[in-house]
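Chemist: Take a look at the following structure, please.
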Amino acid sequence: MLKDPNPCRVIGVLDDGAASLSPTALAYIRHADVIIGGARTLALFERECKPNAVRYDLTKRLKEVPEWVRAARNDHLACVVLATGDPLCHGIAPYLAQHLCVDALDILPNLSTLQLACARVGLAWQDARIVSVHARDAGEWVRGSTPAHGLYGLAQALRRESRLLVLTSPDNSPDRIARLLLAEGLANDFHMAVAENLLQPEERVLADLNPIEAAQMSFADLNVVLLWRVTASTQPVRFGLMDSEFAQRQPEKGLITKQEVRAVSLARLQLRQDSLVWDIGAGSGSVGLEAARLCPDGHVWAIEKNELDHAIAGQNHAAFGISNYSLQHGKAPEGLDAWPDPDAVFIGGSGGELAGLIATILARLRPNGSLVMNFVTLENLATATATLQATDGVSWDVLQLQAARSKPILHMHRMAAENPVWIVCARKTGVLQ
């Protein structure tokens, strides 16, 4: 393969400036005609640059960088982009490769600040998960936050990983991360270390932090966070939980989709690992919460109009240890406009708005998406089937399910029948008319 005679050099640097570079990397900077970097990084290497070198500050101007590089190369100028640490680890190099020919880049990586932090603490990192929360400020984490939140990816990773290396931002700071752990009930499950201002005179490494104390502290803007689990992670049942696993409203039981019906309904939803799911009429939350476990890379939005059942669903959410579930108190279709188009929708209750709700859902359902509805009354069944019959671009069917459970009688057992349930399944197959 022919090498580009004048590639843009993407050089990983650290906060000790020239001391962190190889002679080759330093020579590229000293001979560069165009130097691109953040304001702080450019200042670090000011003495190493040629006096007449053109300097571009990429702070809040990332989209302009490819054009700066392209213009320099067209003018046959030596161009250098200064990146932090390893430019291929949550750095600028993949972005440049996407917008320029990859052959136009020569990447010279350095140590990542995450590697340095692990070395300071003595934490092996070969099996750690790297997470960046260098996102826009979405405020404090609240249980039930949606994927739009800047800490969402970290919240999901905390449920799956034992070691996490976190690239922070001034907004999504170590204390905010610690408060996320508290909000998710994980404060006693993880230990925390914070490395500040690495390779600078004011470097500080706090290697022995409890999230409860870290939540009340302040930290320097330049930092990375290390998290590692100190309690064994649980391996919960993902599918087919017993009804008794869910809190239910007492003494009069609140609404819950029974285990047998729930299992069939979840199967008919055709869930994938990354499915976006709506649960309408959540009741105790049983269907939506199991769906969230089945879709670890997806998300479930649930709504319940009954205040007491909404509270019970929230209680079950807290007990389930999941972070990809959002519960709303309200009556559908109010609020659905704010939800993303779903891959799968479950209707456990409609509040008398069934026909309009079905039409709304089918209009929003993604191609090949599934709608599953449970009914115990003939009237709702008739409304649903009539609505589906009048809708083009939809295939549907009805399944009647009746289970019988064994019950003790004296020294023997008898079978006690549960109420029959109709499971109506619709699948979007074309463009709705």
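FYI, nothing fancy with the structure tokens labels: chains A, B, ... in order, residues from 1 per chain, ligands from 1 as they appear.
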Based on the backbone DSSP call, show me all residues of range 22-99 of chain A assigned helix (DSSP H, G or I), as a ChimeraX atom specification.
Modeler: /A:23-30,39-44,46-48,62-74,93-99
Chemist: Residues of the last selection are to be written out with C-alpha atoms, as a CSV table (one decimal), in the first residue's frame.
Modeler:
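Just written: out_7.csv:
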chain,number,residue,atom,x,y,z
A,23,PRO,CA,11.7,12.5,19.6
A,24,THR,CA,9.8,11.7,16.4
A,25,ALA,CA,6.5,13.1,17.6
A,26,LEU,CA,8.2,16.2,19.0
A,27,ALA,CA,10.0,16.8,15.7
A,28,TYR,CA,6.7,16.7,13.8
A,29,ILE,CA,5.3,19.4,16.1
A,30,ARG,CA,8.5,21.6,15.7
A,39,ALA,CA,-6.5,26.1,23.8
A,40,ARG,CA,-4.9,24.4,26.8
A,41,THR,CA,-3.0,21.9,24.6
A,42,LEU,CA,-1.8,24.6,22.2
A,43,ALA,CA,-0.5,26.6,25.2
A,44,LEU,CA,1.5,23.6,26.4
A,46,GLU,CA,3.7,27.1,22.3
A,47,ARG,CA,7.5,27.1,22.8
A,48,GLU,CA,7.9,24.1,20.5
A,62,LEU,CA,-14.7,20.4,16.0
A,63,LYS,CA,-16.8,20.4,12.8
A,64,GLU,CA,-14.2,22.8,11.2
A,65,VAL,CA,-11.2,20.6,11.8
A,66,PRO,CA,-11.5,18.3,8.7
A,67,GLU,CA,-11.6,21.4,6.5
A,68,TRP,CA,-8.5,22.9,8.2
A,69,VAL,CA,-6.7,19.7,7.6
A,70,ARG,CA,-7.9,19.4,4.1
A,71,ALA,CA,-6.8,22.9,3.3
A,72,ALA,CA,-3.4,22.4,4.8
A,73,ARG,CA,-2.8,19.2,2.8
A,74,ASN,CA,-4.0,20.9,-0.5
A,93,ALA,CA,-8.9,10.3,15.4
A,94,PRO,CA,-12.0,8.3,14.5
A,95,TYR,CA,-13.9,11.5,13.7
A,96,LEU,CA,-11.1,12.7,11.4
A,97,ALA,CA,-10.9,9.2,9.8
A,98,GLN,CA,-14.7,9.4,9.1
A,99,HIS,CA,-14.4,12.8,7.4
Chemist: Which residues of range 80-122 of chain A have any atom within 6 Å of an atom in range 10-22 of chain A when counting only C-alpha atoms, and what is the closest pair of atoms for each, with the distance in Å to one decimal? Order the rows by chain and rising number and write it as a tab-separated table.
Modeler:
residue	atom	partner	partner_atom	distance
A:Val80	CA	A:Val10	CA	5.9
A:Val81	CA	A:Val10	CA	4.7
A:Leu82	CA	A:Ile11	CA	5.2
A:Ala83	CA	A:Gly12	CA	4.8
A:Thr84	CA	A:Val13	CA	5.1
A:Gly85	CA	A:Gly12	CA	4.7
A:Asp86	CA	A:Gly12	CA	5.4
A:Pro87	CA	A:Gly12	CA	5.8
A:Ile107	CA	A:Val10	CA	4.7
A:Leu108	CA	A:Ile11	CA	4.8
A:Pro109	CA	A:Gly12	CA	4.8
A:Asn110	CA	A:Gly12	CA	4.8
Chemist: Next, write the just-selected residues to a file, as a tab-separated table (two decimals), in the first residue's frame, keeping N, CA and C atoms as the atom set.
Modeler:
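Written out: selection_26.tsv:
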chain	number	residue	atom	x	y	z
A	80	VAL	N	-0.40	19.16	11.93
A	80	VAL	CA	-0.41	18.35	13.15
A	80	VAL	C	-1.68	18.65	13.93
A	81	VAL	N	-2.33	17.59	14.41
A	81	VAL	CA	-3.46	17.73	15.33
A	81	VAL	C	-3.02	17.18	16.67
A	82	LEU	N	-3.13	18.01	17.69
A	82	LEU	CA	-2.75	17.60	19.05
A	82	LEU	C	-3.98	17.05	19.76
A	83	ALA	N	-3.90	15.79	20.20
A	83	ALA	CA	-5.00	15.15	20.91
A	83	ALA	C	-4.51	14.74	22.29
A	84	THR	N	-5.45	14.42	23.16
A	84	THR	CA	-5.09	14.02	24.51
A	84	THR	C	-4.94	12.50	24.60
A	85	GLY	N	-3.80	12.05	25.12
A	85	GLY	CA	-3.61	10.62	25.36
A	85	GLY	C	-3.61	9.81	24.08
A	86	ASP	N	-4.49	8.82	24.01
A	86	ASP	CA	-4.61	7.98	22.82
A	86	ASP	C	-5.73	8.55	21.95
A	87	PRO	N	-5.41	9.09	20.77
A	87	PRO	CA	-6.44	9.72	19.93
A	87	PRO	C	-7.51	8.76	19.46
A	107	ILE	N	-1.27	8.38	12.88
A	107	ILE	CA	-1.65	8.50	14.29
A	107	ILE	C	-0.51	8.04	15.18
A	108	LEU	N	-0.11	8.91	16.10
A	108	LEU	CA	0.95	8.61	17.05
A	108	LEU	C	0.35	8.63	18.46
A	109	PRO	N	-0.09	7.48	18.97
A	109	PRO	CA	-0.77	7.45	20.26
A	109	PRO	C	0.17	7.66	21.42
A	110	ASN	N	-0.38	8.08	22.53
A	110	ASN	CA	0.35	8.21	23.78
A	110	ASN	C	-0.37	7.38	24.82
Chemist: So, counting only C-alpha atoms, which residue among A:Leu151, A:Ile256, A:Val205, A:Ala292 is closest to Gly321 in chain A?
Modeler: A:Ala292
Chemist: Excluding range 342-350 of chain A and its own-chain neighbours fewer than 2 positions away, which residues fall within 8 Å of it when counting only C-alpha atoms? Please give them as a PDB file with C-alpha atoms, in the first residue's frame.
Modeler:
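File produced: out_8.pdb:
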ATOM      1  CA  THR A 257     -50.277  -9.638  34.146  1.00  0.00           C
ATOM      2  CA  LEU A 269     -43.511  -8.787  21.361  1.00  0.00           C
ATOM      3  CA  GLN A 270     -40.472 -10.227  19.516  1.00  0.00           C
ATOM      4  CA  LEU A 271     -38.008  -8.251  21.616  1.00  0.00           C
ATOM      5  CA  SER A 275     -35.644  -2.771  21.392  1.00  0.00           C
ATOM      6  CA  LEU A 276     -37.448   0.430  22.343  1.00  0.00           C
ATOM      7  CA  VAL A 277     -40.611  -0.611  24.166  1.00  0.00           C
ATOM      8  CA  TRP A 278     -43.807   1.103  25.283  1.00  0.00           C
ATOM      9  CA  ASP A 279     -45.828  -0.339  28.188  1.00  0.00           C
ATOM     10  CA  ILE A 280     -49.266   1.286  28.300  1.00  0.00           C
ATOM     11  CA  GLY A 281     -51.366   0.649  31.373  1.00  0.00           C
ATOM     12  CA  ALA A 282     -48.359  -0.630  33.306  1.00  0.00           C
ATOM     13  CA  GLY A 283     -50.285  -1.799  36.366  1.00  0.00           C
ATOM     14  CA  VAL A 287     -44.445  -6.721  31.654  1.00  0.00           C
ATOM     15  CA  ALA A 332     -52.304   7.480  27.361  1.00  0.00           C
ATOM     16  CA  PRO A 340     -39.384   7.812  20.541  1.00  0.00           C
ATOM     17  CA  GLY A 352     -61.490   3.726  27.401  1.00  0.00           C
ATOM     18  CA  GLU A 353     -59.391   5.202  24.561  1.00  0.00           C
ATOM     19  CA  LEU A 354     -58.633   1.880  22.864  1.00  0.00           C
ATOM     20  CA  LEU A 357     -54.745   4.455  21.025  1.00  0.00           C
ATOM     21  CA  ILE A 361     -49.489   3.304  18.064  1.00  0.00           C
ATOM     22  CA  ARG A 364     -45.718   5.390  15.308  1.00  0.00           C
ATOM     23  CA  LEU A 365     -44.644   1.747  15.308  1.00  0.00           C
ATOM     24  CA  ARG A 366     -41.382   1.079  13.516  1.00  0.00           C
ATOM     25  CA  PRO A 367     -41.368  -1.226  10.450  1.00  0.00           C
ATOM     26  CA  ASN A 368     -41.917  -4.863  11.491  1.00  0.00           C
ATOM     27  CA  GLY A 369     -42.755  -3.654  14.993  1.00  0.00           C
ATOM     28  CA  SER A 370     -45.158  -5.575  17.224  1.00  0.00           C
ATOM     29  CA  LEU A 371     -48.230  -4.501  19.168  1.00  0.00           C
ATOM     30  CA  VAL A 372     -49.512  -6.907  21.816  1.00  0.00           C
ATOM     31  CA  MET A 373     -52.718  -6.325  23.789  1.00  0.00           C
ATOM     32  CA  ASN A 374     -54.287  -8.255  26.666  1.00  0.00           C
ATOM     33  CA  PHE A 375     -58.065  -8.263  27.202  1.00  0.00           C
TER      34      PHE A 375
END
Chemist: Find, counting only C-alpha atoms, the residue in A:Val34, A:Ala119, A:Arg238, A:Leu222 that gets nearest to Glu202 in chain A.
Modeler: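 Smallest separation from Glu202 in chain A among the options: A:Leu222.
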Chemist: Could you name the residues that touch Arg176 in chain A at 7 Å or less, counting only C-alpha atoms, but leaving out those on the same chain fewer than 4 positions away, as a list in words?
Modeler: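 Close residues of Arg176 in chain A: Glu140, Asn172, Leu180 and Ala215 of chain A.
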Chemist: Output C-alpha atoms of each residue in that selection to a file, as a tab-separated table (two decimals), in the first residue's frame.
Modeler:
chain	number	residue	atom	x	y	z
A	140	GLU	CA	-28.42	15.34	38.01
A	172	ASN	CA	-20.57	15.26	34.71
A	180	LEU	CA	-25.81	8.51	40.40
A	215	ALA	CA	-21.04	12.74	46.53
Chemist: Find, counting only C-alpha atoms, the residue in A:Ser265, A:Thr391, A:Asn223, A:Asn316 that gets nearest to Trp422 in chain A.
Modeler: A:Ser265
Chemist: Need to verify the contact set: Val166 in chain A, 12 Å, only C-alpha atoms, exclusion of same-chain residues closer than 3 positions in sequence. Can you return it as a ChimeraX atom specification?
Modeler: /A:89-90,112-115,117-118,125,128-134,151,153-155,157-158,163,169,172-174,177-178,192-195,223-228
Chemist: Within 8 Å of Tyr56 in chain A, counting only C-alpha atoms, which residues qualify if same-chain residues fewer than 5 places away don't, as a list in words?
Modeler: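 The residues that qualify are Val34, Ile35, Ile36 and Gly37 of chain A.
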Chemist: Extract the full set of strand (DSSP E) residues from range 216-304 of chain A according to DSSP on the backbone, and format it as a count of residues only.
Modeler: 18
Chemist: Extract, using only C-alpha atoms, all DNA, RNA and protein residues at most 8 Å from Ala53 in chain A, discarding same-chain residues fewer than 2 positions from it, and format them as a ChimeraX atom specification.
Modeler: /A:32-35,49-51,55
Chemist: Between CA of Pro420 in chain A and CA of Gln402 in chain A, what is the spacing in Å?
Modeler: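 Atom-to-atom, CA of Gln402 in chain A to CA of Pro420 in chain A, that is 4.5 Å.
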Chemist: Please indicate the distance in Å from CA of Glu245 in chain A to CA of Ala318 in chain A, rounded to one decimal place.
Modeler: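 So the answer is 12.8 Å.
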